[in-house]
Each structure stands twice: as C-alpha cells, then as structure tokens.
file query_3.txt (compact mmCIF, C-alpha atoms)
# COMPACT_ATOMS: atom_id res chain seq x y z
CA MET A 22 -7.89 -31.38 -15.67
CA PRO A 23 -6.16 -28.16 -14.54
CA VAL A 24 -7.39 -26.60 -11.31
CA PRO A 25 -9.04 -23.20 -11.87
CA THR A 26 -6.70 -20.38 -10.86
CA HIS A 27 -8.94 -18.95 -8.13
CA GLU A 28 -9.31 -22.37 -6.51
CA ALA A 29 -5.55 -22.92 -6.65
CA ALA A 30 -5.03 -19.47 -5.12
CA ALA A 31 -7.58 -20.19 -2.39
CA ALA A 32 -5.89 -23.51 -1.55
CA ALA A 33 -2.45 -21.89 -1.56
CA ILE A 34 -3.49 -19.02 0.71
CA GLU A 35 -5.16 -21.40 3.16
CA ARG A 36 -1.96 -23.40 3.43
CA VAL A 37 0.15 -20.25 3.84
CA ILE A 38 -2.12 -19.00 6.62
CA ARG A 39 -1.90 -22.38 8.34
CA ASP A 40 1.90 -22.55 8.03
CA TRP A 41 2.88 -18.92 8.37
CA GLY A 42 -0.11 -17.17 9.96
CA ASP A 43 1.68 -16.46 13.26
CA MET A 44 4.67 -15.07 11.42
CA LEU A 45 2.47 -12.74 9.32
CA ALA A 46 0.77 -11.42 12.45
CA ARG A 47 4.18 -10.65 13.99
CA VAL A 48 5.39 -8.89 10.86
CA ALA A 49 2.27 -6.72 10.85
CA TRP A 50 2.91 -5.71 14.48
CA GLY A 51 6.35 -4.54 13.36
CA TYR A 52 4.70 -1.82 11.26
CA VAL A 53 1.62 -0.74 13.21
CA ALA A 54 0.76 -0.15 16.84
CA SER A 55 -3.02 -0.29 16.99
CA ALA A 56 -5.29 -3.30 16.65
CA SER A 57 -7.42 -1.66 13.96
CA ASP A 58 -4.34 -0.81 11.86
CA HIS A 59 -3.13 -4.36 12.42
CA ASP A 60 -6.38 -5.76 11.04
CA ASP A 61 -6.20 -3.44 8.02
CA LEU A 62 -2.60 -4.36 7.31
CA MET A 63 -3.28 -8.08 7.73
CA GLN A 64 -6.09 -7.74 5.22
CA GLU A 65 -3.75 -6.06 2.73
CA ILE A 66 -1.00 -8.62 3.28
CA LEU A 67 -3.40 -11.53 2.78
CA LEU A 68 -4.85 -9.99 -0.37
CA ALA A 69 -1.36 -9.34 -1.73
CA LEU A 70 -0.39 -12.95 -0.99
CA TRP A 71 -3.57 -14.24 -2.58
CA ARG A 72 -2.61 -12.41 -5.75
CA ALA A 73 1.13 -13.10 -5.61
CA LEU A 74 1.20 -16.79 -4.71
CA PRO A 75 0.26 -18.02 -8.21
CA ARG A 76 3.44 -16.24 -9.42
CA PHE A 77 5.66 -18.08 -6.94
CA ARG A 78 8.03 -20.32 -8.92
CA GLY A 79 10.22 -21.60 -6.12
CA GLU A 80 13.22 -19.29 -6.74
CA SER A 81 13.47 -18.88 -2.96
CA SER A 82 11.92 -20.70 -0.02
CA GLU A 83 8.20 -20.15 0.41
CA ARG A 84 8.88 -18.55 3.80
CA SER A 85 11.21 -15.97 2.19
CA PHE A 86 8.62 -15.26 -0.49
CA VAL A 87 5.83 -14.82 2.05
CA LEU A 88 8.03 -12.56 4.21
CA ARG A 89 9.03 -10.49 1.20
CA VAL A 90 5.40 -9.85 0.24
CA ALA A 91 4.42 -9.12 3.85
CA HIS A 92 7.25 -6.64 4.42
CA ASN A 93 6.66 -4.88 1.11
CA ARG A 94 2.99 -4.49 1.99
CA GLY A 95 4.00 -3.30 5.46
CA ILE A 96 6.25 -0.64 3.96
CA THR A 97 3.55 0.50 1.52
CA PHE A 98 1.00 0.62 4.35
CA ALA A 99 3.32 2.67 6.54
CA VAL A 100 4.10 5.06 3.68
CA ARG A 101 0.41 5.49 2.83
CA ARG A 102 -0.66 6.02 6.41
CA ARG A 103 2.50 7.93 7.36
CA ARG A 104 3.11 5.51 10.18
CA PHE A 105 6.91 5.60 10.36
CA GLU A 106 7.92 6.33 13.90
CA ARG A 107 11.11 8.22 14.67
CA LEU A 108 14.11 6.85 16.47
CA PRO A 109 14.45 8.63 19.83
CA ASP A 110 17.50 10.81 20.38
CA GLU A 111 20.76 9.08 21.23
CA GLY A 112 20.61 7.77 24.77
CA GLY A 113 16.82 7.76 24.84
CA GLN A 114 14.99 4.71 26.10
CA LEU A 115 11.47 3.58 25.59
CA PRO A 116 9.21 4.58 28.43
CA ASP A 117 7.69 1.72 30.35
CA PRO A 118 4.29 0.77 29.05
CA ALA A 119 1.33 1.57 31.25
CA PRO A 120 1.44 -0.70 34.28
CA LEU A 121 -0.87 -3.67 34.09
CA ALA A 122 -2.31 -5.17 37.22
CA GLU A 123 -2.03 -8.84 36.35
CA GLU A 124 1.36 -10.52 36.67
CA ARG A 125 0.54 -12.80 33.83
CA LEU A 126 0.59 -9.77 31.58
CA ILE A 127 4.24 -9.01 32.27
CA ASP A 128 5.28 -11.17 29.34
CA GLN A 129 2.86 -9.32 27.14
CA GLN A 130 4.31 -6.00 28.29
CA ARG A 131 7.81 -7.16 27.44
CA ARG A 132 6.73 -8.27 24.00
CA GLU A 133 4.97 -4.97 23.43
CA ARG A 134 8.19 -3.18 24.36
CA LEU A 135 10.07 -5.33 21.88
CA PHE A 136 7.58 -4.50 19.12
CA ARG A 137 7.72 -0.81 19.98
CA GLY A 138 11.49 -0.90 19.93
CA ILE A 139 11.49 -2.61 16.54
CA ARG A 140 8.98 -0.10 15.14
CA GLN A 141 11.34 2.73 16.04
CA LEU A 142 14.28 1.34 14.09
CA PRO A 143 15.11 2.81 10.67
CA GLU A 144 13.21 0.84 8.04
CA ALA A 145 16.11 -1.13 6.55
CA GLN A 146 17.27 -2.19 10.01
CA ARG A 147 13.75 -2.93 11.14
CA GLU A 148 13.11 -5.25 8.22
CA ALA A 149 16.48 -6.97 8.65
CA VAL A 150 15.84 -7.54 12.35
CA MET A 151 12.38 -8.96 11.84
CA LEU A 152 13.66 -11.31 9.14
CA ARG A 153 16.51 -12.38 11.43
CA LEU A 154 14.11 -13.00 14.30
CA GLU A 155 12.04 -15.19 11.99
CA GLY A 156 15.17 -17.28 11.50
CA LEU A 157 16.30 -16.23 8.01
CA SER A 158 20.01 -16.46 7.24
CA GLN A 159 22.00 -13.36 6.26
CA ARG A 160 22.03 -14.65 2.67
CA GLU A 161 18.23 -14.92 2.63
CA ILE A 162 17.83 -11.49 4.23
CA ALA A 163 20.16 -10.03 1.59
CA ASP A 164 17.96 -11.58 -1.13
CA VAL A 165 14.78 -10.16 0.39
CA GLN A 166 16.30 -6.71 0.80
CA GLY A 167 18.12 -6.66 -2.52
CA THR A 168 21.49 -5.91 -0.95
CA SER A 169 24.76 -7.61 0.04
CA GLU A 170 25.33 -9.88 3.02
CA THR A 171 27.87 -7.38 4.33
CA ASN A 172 25.23 -4.65 4.41
CA VAL A 173 22.83 -6.98 6.17
CA GLY A 174 25.49 -7.77 8.78
CA VAL A 175 26.06 -4.09 9.46
CA ARG A 176 22.34 -3.37 9.64
CA LEU A 177 21.84 -6.21 12.12
CA THR A 178 24.71 -5.04 14.30
CA ARG A 179 23.43 -1.47 14.37
CA ALA A 180 19.89 -2.65 14.97
CA ARG A 181 20.99 -4.81 17.88
CA GLN A 182 22.84 -1.87 19.43
CA ALA A 183 19.82 0.38 18.97
CA LEU A 184 17.46 -2.23 20.40
CA ARG A 185 19.75 -2.80 23.37
CA ARG A 186 19.67 0.93 24.06
CA LEU A 187 15.91 1.20 23.47
CA LEU A 188 15.06 -1.74 25.66
CA GLY A 189 17.29 -0.43 28.40
CA GLU A 190 19.51 -3.48 28.66
CA GLU A 191 17.32 -4.99 31.37
CA GLU A 192 19.37 -8.13 31.52
CA GLU A 193 22.71 -6.45 32.25
CA MET B 1 21.94 -17.45 25.52
CA SER B 2 23.00 -14.73 23.05
CA ASP B 3 21.25 -11.41 22.49
CA TRP B 4 19.69 -12.69 19.30
CA GLU B 5 18.48 -15.91 20.86
CA GLN B 6 16.85 -13.98 23.70
CA LEU B 7 15.19 -11.57 21.31
CA GLN B 8 14.16 -14.41 19.05
CA ALA B 9 12.57 -16.31 21.90
CA GLU B 10 10.70 -13.17 22.93
CA TRP B 11 9.66 -12.53 19.34
CA GLN B 12 8.48 -16.06 18.67
CA ARG B 13 6.36 -16.07 21.83
CA ALA B 14 4.50 -13.12 20.40
CA GLY B 15 2.99 -15.35 17.74
CA GLU B 16 -0.74 -15.19 17.63
CA ARG B 17 -2.97 -16.86 15.20
CA ALA B 18 -3.49 -14.76 12.12
CA ALA B 19 -7.16 -14.05 12.02
CA ALA B 20 -8.96 -17.36 11.90
CA ASP B 21 -11.32 -15.74 9.46
CA ALA B 22 -8.48 -14.94 7.06
CA THR B 23 -10.47 -16.26 4.13
CA GLN B 24 -13.26 -13.87 5.02
CA LEU B 25 -10.75 -11.04 5.33
CA ILE B 26 -9.51 -11.77 1.83
CA ALA B 27 -13.05 -11.95 0.49
CA LYS B 28 -13.84 -8.63 2.17
CA ALA B 29 -10.71 -7.02 0.72
CA ARG B 30 -11.55 -8.34 -2.74
CA ARG B 31 -15.11 -7.03 -2.48
CA GLY B 32 -13.78 -3.63 -1.41
CA ARG B 33 -11.39 -3.58 -4.34
CA LEU B 34 -14.14 -4.64 -6.74
CA VAL B 35 -16.47 -1.87 -5.52
CA HIS B 36 -13.63 0.63 -5.89
CA ARG B 37 -13.00 -0.45 -9.46
CA LEU B 38 -16.70 -0.42 -10.29
CA ILE B 39 -16.94 3.17 -9.07
CA GLU B 40 -13.90 4.16 -11.11
CA GLY B 41 -15.36 2.37 -14.13
CA ALA B 42 -18.72 4.06 -13.64
CA VAL B 43 -17.09 7.51 -13.47
CA ALA B 44 -15.02 6.84 -16.59
CA GLY B 45 -18.03 5.32 -18.38
CA ALA B 46 -20.24 8.29 -17.49
CA ALA B 47 -17.57 10.72 -18.70
CA LEU B 48 -17.31 8.83 -21.99
CA LEU B 49 -21.12 8.72 -22.39
CA ILE B 50 -21.47 12.46 -21.81
CA THR B 51 -18.67 13.13 -24.28
CA ALA B 52 -20.24 10.79 -26.84
CA ALA B 53 -23.63 12.47 -26.40
CA ALA B 54 -22.06 15.89 -26.94
CA LEU B 55 -20.05 14.56 -29.88
CA ARG B 56 -23.28 13.63 -31.71
CA HIS B 57 -24.20 17.32 -31.63
CA ALA B 58 -20.81 18.64 -32.69
CA GLY B 59 -21.41 21.73 -34.86
CA ASN B 60 -18.26 21.59 -36.94
CA PRO B 61 -15.20 19.37 -37.62
CA PHE B 62 -13.14 21.24 -35.01
CA GLU B 63 -15.64 20.46 -32.26
CA ALA B 64 -15.86 16.85 -33.45
CA ALA B 65 -12.06 16.49 -33.39
CA LEU B 66 -11.90 18.06 -29.93
CA GLY B 67 -14.61 15.70 -28.69
CA LEU B 68 -12.76 12.70 -30.06
CA ILE B 69 -9.51 13.82 -28.42
CA VAL B 70 -11.29 14.29 -25.10
CA GLY B 71 -12.94 10.85 -25.35
CA ILE B 72 -9.65 9.15 -26.17
CA ALA B 73 -7.89 11.03 -23.37
CA ILE B 74 -10.53 9.93 -20.83
CA ALA B 75 -10.12 6.31 -21.92
CA ALA B 76 -6.32 6.66 -21.74
CA LEU B 77 -6.55 8.08 -18.20
CA TRP B 78 -8.66 5.16 -17.08
CA VAL B 79 -6.32 2.60 -18.64
CA GLN B 80 -3.19 4.28 -17.25
CA HIS B 81 -4.70 4.44 -13.75
CA GLY B 82 -5.35 0.68 -13.93
CA ARG B 83 -1.86 0.00 -15.27
CA LEU B 84 -0.26 1.83 -12.35
CA ARG B 85 -2.23 -0.33 -9.93
CA VAL B 86 -1.15 -3.53 -11.74
CA LYS B 87 2.47 -2.34 -11.76
CA GLU B 88 2.40 -1.73 -8.02
CA ASP B 89 0.73 -5.08 -7.32
CA GLY B 90 3.30 -6.89 -9.45
CA ALA B 91 6.22 -5.43 -7.50
CA VAL B 92 5.06 -6.74 -4.15
CA SER B 93 7.08 -9.92 -4.50
CA GLU B 94 10.29 -8.14 -5.58
CA SER B 95 13.19 -7.31 -3.26
CA SER B 96 12.64 -4.35 -0.92
CA LEU B 97 14.87 -2.10 -2.99
CA MET B 98 13.19 -3.02 -6.27
CA HIS B 99 9.77 -2.62 -4.65
CA LEU B 100 10.70 0.88 -3.47
CA ASP B 101 11.92 1.71 -6.98
CA VAL B 102 8.56 0.71 -8.40
CA LEU B 103 6.67 2.61 -5.69
CA ALA B 104 8.68 5.74 -6.49
CA SER B 105 8.02 5.29 -10.19
CA VAL B 106 4.28 4.84 -9.56
CA CYS B 107 4.22 8.00 -7.41
CA ARG B 108 5.96 10.02 -10.15
CA GLN B 109 3.51 8.72 -12.74
CA GLN B 110 0.60 9.59 -10.47
CA VAL B 111 1.86 13.16 -10.23
CA ARG B 112 2.00 13.29 -14.04
CA LEU B 113 -1.40 11.61 -14.27
CA ALA B 114 -2.91 14.28 -12.01
CA ARG B 115 -1.52 16.97 -14.32
CA PHE B 116 -2.95 15.16 -17.35
CA VAL B 117 -6.35 14.88 -15.63
CA ARG B 118 -6.45 18.67 -15.33
CA ILE B 119 -5.57 19.11 -19.00
CA VAL B 120 -8.32 16.68 -19.99
CA LEU B 121 -10.81 18.45 -17.71
CA GLY B 122 -9.90 21.77 -19.33
CA LEU B 123 -10.42 20.32 -22.81
CA GLU B 124 -13.67 18.70 -21.69
CA LEU B 125 -14.89 22.05 -20.42
CA VAL B 126 -14.02 23.75 -23.72
CA PHE B 127 -15.77 20.97 -25.61
CA LEU B 128 -18.92 20.77 -23.47
CA THR B 129 -19.57 24.48 -22.93
CA PRO B 130 -20.93 25.17 -26.46
CA TRP B 131 -23.08 22.01 -26.20
CA TRP B 132 -24.45 23.20 -22.85
CA VAL B 133 -25.13 26.79 -24.00
CA ILE B 134 -26.53 26.04 -27.46
CA GLY B 135 -28.43 22.95 -26.31
CA SER B 136 -30.13 24.88 -23.51
CA ARG B 137 -31.18 27.63 -25.90
CA ILE B 138 -32.50 25.23 -28.56
CA HIS B 139 -34.47 23.14 -26.06
CA HIS B 140 -35.54 26.18 -24.00
CA ARG B 141 -34.33 24.53 -20.80
CA THR B 142 -34.31 26.35 -17.48
CA LEU B 143 -31.63 25.79 -14.86
CA LEU B 144 -33.88 23.43 -12.91
CA ASP B 145 -35.16 21.22 -15.74
CA PRO B 146 -34.44 17.52 -15.14
CA ALA B 147 -32.76 17.39 -18.56
CA PHE B 148 -30.59 20.35 -17.57
CA TRP B 149 -29.62 18.56 -14.39
CA LEU B 150 -28.72 15.45 -16.34
CA THR B 151 -26.73 17.12 -19.08
CA VAL B 152 -25.18 20.10 -17.31
CA TRP B 153 -25.19 20.02 -13.52
CA LEU B 154 -24.38 16.33 -13.16
CA PRO B 155 -21.40 16.35 -15.57
CA ALA B 156 -20.20 19.63 -14.05
CA ALA B 157 -20.37 18.13 -10.55
CA GLY B 158 -18.53 15.07 -11.84
CA MET B 159 -15.81 17.26 -13.31
CA VAL B 160 -15.41 19.15 -10.04
CA ALA B 161 -15.20 15.82 -8.17
CA VAL B 162 -12.55 14.50 -10.57
CA PHE B 163 -10.61 17.75 -10.22
CA VAL B 164 -10.65 17.46 -6.43
CA TRP B 165 -9.61 13.80 -6.72
CA SER B 166 -6.68 14.79 -8.97
CA VAL B 167 -5.54 17.46 -6.48
CA ARG B 168 -5.65 14.96 -3.64
CA MET B 169 -3.93 12.27 -5.69
CA ARG B 170 -1.12 14.68 -6.60
CA ARG B 171 -0.67 15.81 -3.01
CA ARG B 172 -0.66 12.25 -1.71
CA ALA B 173 1.68 11.02 -4.45
CA ARG B 174 4.19 13.81 -3.72
CA ALA B 175 4.14 13.09 0.01
CA GLU B 176 4.55 9.36 -0.64
CA LEU B 177 7.34 10.00 -3.11
CA ALA B 178 9.27 11.97 -0.48
CA ALA B 179 8.83 9.12 2.03
CA VAL B 180 9.75 6.44 -0.51
CA GLU B 181 12.88 8.30 -1.63
CA ARG B 182 14.00 8.63 1.98
CA LEU B 183 13.50 4.89 2.41
CA ARG B 184 15.32 4.12 -0.84
CA ALA B 185 18.30 6.16 0.33
CA GLU B 186 18.26 4.18 3.55
CA PHE B 187 18.07 0.82 1.77
CA GLU B 188 20.69 1.82 -0.79
CA ALA B 189 23.18 3.05 1.80
CA SER B 190 26.10 0.64 1.76
CA ALA B 191 27.89 -0.43 4.88

call {"tool": "encode", "arguments": {"input": "query_3.txt", "output": "structure tokens"}}
result
Amino acid sequence: MPVPTHEAAAAAIERVIRDWGDMLARVAWGYVASASDHDDLMQEILLALWRALPRFRGESSERSFVLRVAHNRGITFAVRRRRFERLPDEGGQLPDPAPLAEERLIDQQRRERLFRGIRQLPEAQREAVMLRLEGLSQREIADVQGTSETNVGVRLTRARQALRRLLGEEEE
Amino acid sequence: MSDWEQLQAEWQRAGERAAADATQLIAKARRGRLVHRLIEGAVAGAALLITAAALRHAGNPFEAALGLIVGIAIAALWVQHGRLRVKEDGAVSESSLMHLDVLASVCRQQVRLARFVRIVLGLELVFLTPWWVIGSRIHHRTLLDPAFWLTVWLPAAGMVAVFVWSVRMRRRARAELAAVERLRAEFEASA
C-alpha cells in the first residue's frame, strides 16, 4: 500500500533534519545576522524542503539537493528583506566584534567573524564558498550554481582573497 | 593546513543543531501559509459574491456583460496570483541561475498583475456605481443603514484595500526585480 504523500514528506524531512540540520543552520547564518531572522529563514528553508523533497529523483546527491534548496531560499529571503550587505572598500577589514569577557567565547567570536566575512562577499562568491566549506566538489558547486567549473574556480579564488583581506590574515 | 582546510574546520565547528522543534516550525509555517491563502480566498470570494449580487440587478445587457467581465477578471487574478506562487515554489530546487531567472520572471508578472488589478478595480467601480446609486434610491437607504454598509461601504473599503495592496505589490516587485537582476548579472558573469 503506498504511503500517503504527507507522511512520506514528514518522514523525509525528519531524516534530512537529522542528517543535515547542522549544515542548514550554517547556511542560514550565511544570509542573516540576527537570531530572529535566522529562525525565520530556517522556517522558510524547512518548509521549502518539505515541499521539494517529494520531487527529488536522485539526479544529484541528497546533500547537493538540500544545499540547493537552502541557498535558493536564502537568496529569496535576502532579496525580500533587502539583507544583502556590501563588501567594504578595498583594503577594509572587518572590525573586531564586541569584546566578550569569557575566554571560552573566543572561538565563538572567530566563527562570528567568519560568518560576517562570508555575508559580505558578493552573492555568487558567497554561495560558492559556503558550498565549498560544506565539502562539495567544484563539479557539484557548478551544478548547484548552474555555471562552469572554471567559473567556480575563479569565484573561489576571489572569495578566498576577499576573505583573507576581511579576516585580516590573523595567521600570517 | 591550507587556507581552505582552516576555514572549513572553523566553519564546521559552527554547526549547531537545527531547531530541535523543526517539525513544529514546519507546521507553524504551513499554518501561516494556510491562513494567508484563506484570507486571499475570502477576499476573492467576497469580491465575486458582491459582483454576482450586483449582476442579478443588471439593468441592461451592457451592464450584465460588464459584470461578467469583472467577475471573470477577478477569478483570473486570483488564479494567476496562485500560479505565480506555485511557479516560484517549483524553482527552489533549480540551479541558482535558473532560480534567479524564475524569480525575475515572477517579479515582472507581479508588476503586470498589479496593473491588471487596477484595471479590474476601475471596471468594478464602473459596474458597481449604478447598482449602489439606483439600489440606494429604490430601497430608500441612508448612508448608515446596515444594508448600505454591507453593499456599499464594505465593498468600497475592500476595493481601497486591494488597491493599496496592488501598489505595495508593484513597488516591492520592482525593488526585488532590480535586486534579482543585479544578482543574475553576478551569477552570469563568466570568469
């Protein structure tokens, strides 16, 4: 007996959240800066996945499919809420986040800087970087973005340069 | 450790559980969407009912034809609005470039839809005005009669609300179109 569509969708979304929930939360932070916007975007991503998963036919890996839906929703959300941040002028660096008293929060500050840096990249570079950081190959990123591997390579190189500048090259 | 590996390690550490109540979040989003659609359906249904009520009192074939056109146009607006939403939802699993193409197309259609809404409102006004004037005279209604409220003030307020909605939709769609076209140019730019 076939499983009713809504039950199949519910089972599929539960599995996706279990397998890729952390990844979805990271993607959302790449588009928004506040916790309330993050919650709103997560809600939209999950709803979009709930509706899109029954259409998934295995043409790509499930991770690519989930990332594609999440990034497209992120873009739509940013367009609707006019949340695209601007890249600072050449040579500009991100200001240090507000100092936090606890040493254990240093890691969190560094991650917040990384997210802020990523949010300031041009959209095509931002998406490529986030997909790369999730471990997708250049081929997979090209599929998600609808472009060539060469373009992806250039975007990643430029994004890395911009991030290096934005993050102030702390390591060097 | 390369740049990418360092960044990746930093990025992966940022993982936090997606809301444990994700199922509730989805249910909440679905409820919100359902309420939204019910409101849209109620507005369209009310507009059709008012038009049908006025159509029953059409004084001549011209008025009857106008009423029919207005009724069909209202139904078409409602259907087209729903189709745009379905189109946008369907594109969410496409590539970024394709998704942006669809978003741009939806924005353009929303701008046209807003223009069509104004035309329909104009026709509706032309169609309803004789019904309002003649009906009020025949039934000797004053401006504050409950029946006058129901047949004149309420539809008029609804028309004003729909007009305001169309203005806002057009403004929003144009702003979004500008943003989407900028993004498309960025995604289309070859290395």

call {"tool": "atom_distance", "arguments": {"input": "query_3.txt", "atom1": "CA of Pro146 (chain B)", "atom2": "CA of Val70 (chain B)"}}
result
25.4 Å

call {"tool": "atom_distance", "arguments": {"input": "query_3.txt", "atom1": "CA of Leu66 (chain B)", "atom2": "CA of Leu123 (chain B)"}}
result
7.6 Å

call {"tool": "atom_distance", "arguments": {"input": "query_3.txt", "atom1": "CA of Ser166 (chain B)", "atom2": "CA of Gln80 (chain B)"}}
result
13.8 Å

call {"tool": "closest_residue", "arguments": {"input": "query_3.txt", "among": "B:Gln109, B:Gln12, B:Gln6, B:Ser136", "to": "Asp43 (chain A)", "atoms": "all atoms listed in the file"}}
result
B:Gln12

call {"tool": "interface_residues", "arguments": {"input": "query_3.txt", "of": "chain A", "to": "chain B", "cutoff": "7 Å", "atoms": "only C-alpha atoms", "output": "PDB file with C-alpha atoms, keeping the file's coordinate frame"}}
result
ATOM      1  CA  GLY A  42      -0.110 -17.170   9.960  1.00  0.00           C
ATOM      2  CA  ASP A  43       1.680 -16.460  13.260  1.00  0.00           C
ATOM      3  CA  MET A  44       4.670 -15.070  11.420  1.00  0.00           C
ATOM      4  CA  LEU A  45       2.470 -12.740   9.320  1.00  0.00           C
ATOM      5  CA  ALA A  46       0.770 -11.420  12.450  1.00  0.00           C
ATOM      6  CA  ARG A  47       4.180 -10.650  13.990  1.00  0.00           C
ATOM      7  CA  GLN A  64      -6.090  -7.740   5.220  1.00  0.00           C
ATOM      8  CA  LEU A  67      -3.400 -11.530   2.780  1.00  0.00           C
ATOM      9  CA  LEU A  68      -4.850  -9.990  -0.370  1.00  0.00           C
ATOM     10  CA  ALA A  73       1.130 -13.100  -5.610  1.00  0.00           C
ATOM     11  CA  PHE A  86       8.620 -15.260  -0.490  1.00  0.00           C
ATOM     12  CA  ARG A  89       9.030 -10.490   1.200  1.00  0.00           C
ATOM     13  CA  VAL A  90       5.400  -9.850   0.240  1.00  0.00           C
ATOM     14  CA  ASN A  93       6.660  -4.880   1.110  1.00  0.00           C
ATOM     15  CA  ARG A  94       2.990  -4.490   1.990  1.00  0.00           C
ATOM     16  CA  VAL A 100       4.100   5.060   3.680  1.00  0.00           C
ATOM     17  CA  ARG A 101       0.410   5.490   2.830  1.00  0.00           C
ATOM     18  CA  ARG A 132       6.730  -8.270  24.000  1.00  0.00           C
ATOM     19  CA  GLU A 144      13.210   0.840   8.040  1.00  0.00           C
ATOM     20  CA  ALA A 145      16.110  -1.130   6.550  1.00  0.00           C
ATOM     21  CA  LEU A 154      14.110 -13.000  14.300  1.00  0.00           C
ATOM     22  CA  ASP A 164      17.960 -11.580  -1.130  1.00  0.00           C
ATOM     23  CA  VAL A 165      14.780 -10.160   0.390  1.00  0.00           C
ATOM     24  CA  GLN A 166      16.300  -6.710   0.800  1.00  0.00           C
ATOM     25  CA  GLY A 167      18.120  -6.660  -2.520  1.00  0.00           C
ATOM     26  CA  THR A 171      27.870  -7.380   4.330  1.00  0.00           C
ATOM     27  CA  ASN A 172      25.230  -4.650   4.410  1.00  0.00           C
ATOM     28  CA  VAL A 175      26.060  -4.090   9.460  1.00  0.00           C
TER      29      VAL A 175
END

call {"tool": "closest_residue", "arguments": {"input": "query_3.txt", "among": "B:Trp78, B:Ala53, B:Val126, B:Ile69", "to": "Leu38 (chain B)", "atoms": "all atoms listed in the file"}}
result
B:Trp78

call {"tool": "residues_near_point", "arguments": {"input": "query_3.txt", "point": "(-18.5, 19.5, -26.2)", "cutoff": "8 Å", "atoms": "all atoms listed in the file", "output": "list in words"}}
result
Thr51, Ala54, Leu55, Ala58, Glu63, Leu66, Gly67, Glu124, Leu125, Val126, Phe127, Leu128, Thr129, Pro130, Trp131 and Trp132 of chain B

call {"tool": "closest_residue", "arguments": {"input": "query_3.txt", "among": "A:Gln129, A:Leu70, A:Ala163, A:Ser57", "to": "Ala30 (chain A)", "atoms": "only C-alpha atoms"}}
result
A:Leu70

call {"tool": "closest_residue", "arguments": {"input": "query_3.txt", "among": "B:Arg174, B:Arg85, B:Arg56, B:Arg168", "to": "Cys107 (chain B)", "atoms": "only C-alpha atoms"}}
result
B:Arg174

call {"tool": "closest_residue", "arguments": {"input": "query_3.txt", "among": "A:Leu142, A:Leu135, A:Leu177, A:Leu62", "to": "Ser158 (chain A)", "atoms": "only C-alpha atoms"}}
result
A:Leu177

call {"tool": "closest_residue", "arguments": {"input": "query_3.txt", "among": "A:Gly51, A:Gly156, A:Gly138, A:Gly174", "to": "Leu188 (chain A)", "atoms": "all atoms listed in the file"}}
result
A:Gly138

call {"tool": "residues_around", "arguments": {"input": "query_3.txt", "residues": "Glu83 (chain A)", "least_positions_apart": "4", "cutoff": "10 Å", "atoms": "only C-alpha atoms", "output": "list in words"}}
result
Val37, Trp41, Leu74, Phe77, Arg78, Gly79, Val87, Leu88 and Arg89 of chain A

call {"tool": "decode", "arguments": {"input": "query_3.txt", "residues": "region 64-69 of chain B", "atoms": "all heavy atoms", "output": "mmCIF file, in the first residue's frame"}}
result
data_model
loop_
_atom_site.group_PDB
_atom_site.id
_atom_site.type_symbol
_atom_site.label_atom_id
_atom_site.label_comp_id
_atom_site.auth_asym_id
_atom_site.auth_seq_id
_atom_site.Cartn_x
_atom_site.Cartn_y
_atom_site.Cartn_z
ATOM 1 N N ALA B 64 -24.777 43.799 -17.745
ATOM 2 C CA ALA B 64 -24.602 42.366 -17.490
ATOM 3 C C ALA B 64 -23.261 41.881 -18.056
ATOM 4 O O ALA B 64 -22.524 41.142 -17.387
ATOM 5 C CB ALA B 64 -25.752 41.586 -18.111
ATOM 6 N N ALA B 65 -22.941 42.329 -19.269
ATOM 7 C CA ALA B 65 -21.673 41.918 -19.888
ATOM 8 C C ALA B 65 -20.493 42.441 -19.080
ATOM 9 O O ALA B 65 -19.512 41.725 -18.837
ATOM 10 C CB ALA B 65 -21.609 42.428 -21.325
ATOM 11 N N LEU B 66 -20.623 43.707 -18.646
ATOM 12 C CA LEU B 66 -19.542 44.313 -17.842
ATOM 13 C C LEU B 66 -19.350 43.531 -16.541
ATOM 14 O O LEU B 66 -18.224 43.233 -16.128
ATOM 15 C CB LEU B 66 -19.885 45.778 -17.553
ATOM 16 C CG LEU B 66 -18.817 46.590 -16.837
ATOM 17 C CD1 LEU B 66 -17.530 46.647 -17.646
ATOM 18 C CD2 LEU B 66 -19.325 48.013 -16.565
ATOM 19 N N GLY B 67 -20.484 43.184 -15.908
ATOM 20 C CA GLY B 67 -20.415 42.416 -14.663
ATOM 21 C C GLY B 67 -19.747 41.075 -14.860
ATOM 22 O O GLY B 67 -18.928 40.642 -14.040
ATOM 23 N N LEU B 68 -20.087 40.421 -15.959
ATOM 24 C CA LEU B 68 -19.475 39.116 -16.254
ATOM 25 C C LEU B 68 -17.967 39.255 -16.459
ATOM 26 O O LEU B 68 -17.177 38.463 -15.937
ATOM 27 C CB LEU B 68 -20.100 38.514 -17.519
ATOM 28 C CG LEU B 68 -21.325 37.637 -17.310
ATOM 29 C CD1 LEU B 68 -21.866 37.164 -18.660
ATOM 30 C CD2 LEU B 68 -20.976 36.423 -16.437
ATOM 31 N N ILE B 69 -17.588 40.293 -17.209
ATOM 32 C CA ILE B 69 -16.152 40.520 -17.469
ATOM 33 C C ILE B 69 -15.419 40.755 -16.146
ATOM 34 O O ILE B 69 -14.341 40.189 -15.896
ATOM 35 C CB ILE B 69 -15.957 41.714 -18.422
ATOM 36 C CG1 ILE B 69 -16.428 41.323 -19.824
ATOM 37 C CG2 ILE B 69 -14.495 42.166 -18.464
ATOM 38 C CD1 ILE B 69 -16.535 42.493 -20.790
#
